[in-house]
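Contents: one structure, followed by commentary.
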Amino acid sequence: MSNNFYNDDFLEAVEHYLTPQRHQFNYEALVQALINNWRFHPWVVQLKEYRALEGAVVLSPGCGSAGDLLAFMEWGAAQVYGLEVDAPLCHLATLRFRDSPYKDACHFQTYENVSRIV
C-alpha cells in the first residue's frame, strides 16, 4: 500500500545523511530503512483493531524519516506530528512529504522546538 512519494531531493538527502556509512557492508539496507515504509504497515494494521485511524491525529516521538507517519496517513489519519532529536532526520521527514498529497497535514519539529508543535 505505499507510494513512498520519493523525490530526488529526498533521495539525495538520504544518501548525504548516510555518507559516513557508504562503505559499510549494510549500506543498502540502511538506505532502504530510511526510504521504505513497508515495515510499518503491519503494526498500523494491528493498531486499527484497537482504534479507528480514519480522521485520527497521530504523534510520533522519535519519528526518524517519518516512514511510520506515512503509513498512518495512508491508512486514514487526518494529521500527523513528528518529533525528532536529530535535525537532519527531521529534515528527511519534511522532504519525504514535500511532494505528497499529505504535505499539508504533516508537521515535523526537532525536540528543542517542541513548544511550537503542541
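So you can find residues: chains in the C-alpha cells are A, B, ... in the order shown, residues in each start at 1, and ligands are numbered from 1 in order.
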
Picked from region 85-117 of chain A by DSSP as alpha helix (DSSP H), as a compact mmCIF listing (two decimals) with N, CA and C atoms, in the first residue's frame:
```txt
# COMPACT_ATOMS: atom_id res chain seq x y z
N ALA A 87 18.24 16.66 13.93
CA ALA A 87 17.75 17.65 12.97
C ALA A 87 17.85 17.17 11.51
N PRO A 88 18.94 16.51 11.10
CA PRO A 88 18.98 16.01 9.72
C PRO A 88 17.89 14.97 9.43
N LEU A 89 17.55 14.12 10.40
CA LEU A 89 16.45 13.17 10.20
C LEU A 89 15.11 13.90 10.10
N CYS A 90 14.94 14.94 10.89
CA CYS A 90 13.72 15.74 10.82
C CYS A 90 13.60 16.39 9.43
N HIS A 91 14.72 16.81 8.89
CA HIS A 91 14.73 17.37 7.54
C HIS A 91 14.31 16.30 6.51
N LEU A 92 14.80 15.06 6.70
CA LEU A 92 14.39 13.97 5.80
C LEU A 92 12.88 13.77 5.86
N ALA A 93 12.32 13.82 7.05
CA ALA A 93 10.86 13.65 7.19
C ALA A 93 10.12 14.72 6.41
N THR A 94 10.59 15.95 6.52
CA THR A 94 9.96 17.05 5.79
C THR A 94 10.06 16.84 4.28
N LEU A 95 11.25 16.44 3.83
CA LEU A 95 11.43 16.19 2.39
C LEU A 95 10.58 15.03 1.89
N ARG A 96 10.41 13.99 2.73
CA ARG A 96 9.59 12.84 2.33
C ARG A 96 8.19 13.28 1.90
N PHE A 97 7.62 14.22 2.62
CA PHE A 97 6.24 14.63 2.37
C PHE A 97 6.10 15.83 1.45
N ARG A 98 7.19 16.42 1.05
CA ARG A 98 7.13 17.66 0.27
C ARG A 98 6.26 17.56 -0.98
```

Taking 3 positions as the minimum chain separation for residues in the same chain, which residues sit within 12 Å of Gln32 (chain A) when counting only C-alpha atoms? Answer as a PyMOL selection string.
chain A and resi 4+6+11+14-15+18+26-29+35-39+65+67

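Excluding region 104-108 of chain A and any residue on its chain fewer than 3 positions from it, the residues at most 7 Å away by only C-alpha atoms are Ala78, Gln79, Val80, Tyr81, Gly82, Leu83, Cys90 and Thr94 of chain A.
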
Based on the selection just made, write C-alpha atoms of those residues as a tab-separated table (two decimals), in the first residue's frame.
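Result written to out.tsv:
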```tsv
chain	number	residue	atom	x	y	z
A	78	ALA	CA	-6.07	13.23	9.28
A	79	GLN	CA	-2.87	14.78	10.65
A	80	VAL	CA	0.50	13.58	11.84
A	81	TYR	CA	3.07	15.24	14.08
A	82	GLY	CA	6.64	14.05	14.22
A	83	LEU	CA	9.23	14.98	16.83
A	90	CYS	CA	13.72	15.74	10.82
A	94	THR	CA	9.96	17.05	5.79
```

Excluding same-chain residues fewer than 3 positions from region 48-61 of chain A, what lies within 9 Å of it counting only C-alpha atoms, as a CSV table (one decimal) with C-alpha atoms, in the first residue's frame?
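Final output, result-v8.csv:
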```csv
chain,number,residue,atom,x,y,z
A,43,TRP,CA,1.7,-2.7,13.1
A,44,VAL,CA,-0.5,0.1,11.8
A,45,VAL,CA,-3.0,-2.6,10.7
A,64,GLY,CA,13.1,9.5,12.2
A,66,ALA,CA,8.7,9.6,9.1
A,68,ASP,CA,5.7,5.4,10.2
A,69,LEU,CA,3.7,8.6,9.8
A,72,PHE,CA,-0.6,6.3,9.3
A,73,MET,CA,-1.6,8.8,6.6
A,75,TRP,CA,-4.4,4.3,6.5
A,76,GLY,CA,-6.5,7.3,7.0
A,77,ALA,CA,-5.0,9.6,9.7
A,78,ALA,CA,-6.1,13.2,9.3
A,79,GLN,CA,-2.9,14.8,10.6
A,80,VAL,CA,0.5,13.6,11.8
A,81,TYR,CA,3.1,15.2,14.1
A,82,GLY,CA,6.6,14.0,14.2
A,83,LEU,CA,9.2,15.0,16.8
A,84,GLU,CA,12.9,14.1,16.2
A,85,VAL,CA,16.0,14.8,18.2
A,111,TYR,CA,12.8,18.4,20.2
```

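Residues of chain A assigned to strand (DSSP E or B) by DSSP on this structure's backbone: Val57, Val58, Leu59, Ser60, Pro61, Gln79, Val80, Tyr81, Gly82, Leu83, Glu84, Cys106, His107, Phe108, Gln109 and Thr110 of chain A.
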
Can you write out the residues you just picked, keeping C-alpha atoms, as a short mmCIF file (atom, residue, chain, number, x, y, z; two decimals), in the first residue's frame?
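This went into part21.cif:
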```
data_model
loop_
_atom_site.label_atom_id
_atom_site.label_comp_id
_atom_site.auth_asym_id
_atom_site.auth_seq_id
_atom_site.Cartn_x
_atom_site.Cartn_y
_atom_site.Cartn_z
CA VAL A 57 -4.26 12.79 14.82
CA VAL A 58 -1.01 10.88 15.36
CA LEU A 59 2.10 11.92 17.30
CA SER A 60 5.36 10.08 16.72
CA PRO A 61 8.14 11.00 19.15
CA GLN A 79 -2.87 14.78 10.65
CA VAL A 80 0.50 13.58 11.84
CA TYR A 81 3.07 15.24 14.08
CA GLY A 82 6.64 14.05 14.22
CA LEU A 83 9.23 14.98 16.83
CA GLU A 84 12.87 14.12 16.23
CA CYS A 106 2.22 16.65 8.25
CA HIS A 107 4.14 18.63 10.84
CA PHE A 108 7.72 18.00 11.96
CA GLN A 109 9.86 19.60 14.64
CA THR A 110 13.06 18.89 16.46
#
```

Atom pair CA of Leu47 (chain A) / CA of Phe10 (chain A): separation (Å)
28.0 Å

Which is closest to Asp86 (chain A) among A:Ala13, A:Val31, A:Cys63, A:Ala71, if we use only C-alpha atoms?
A:Cys63
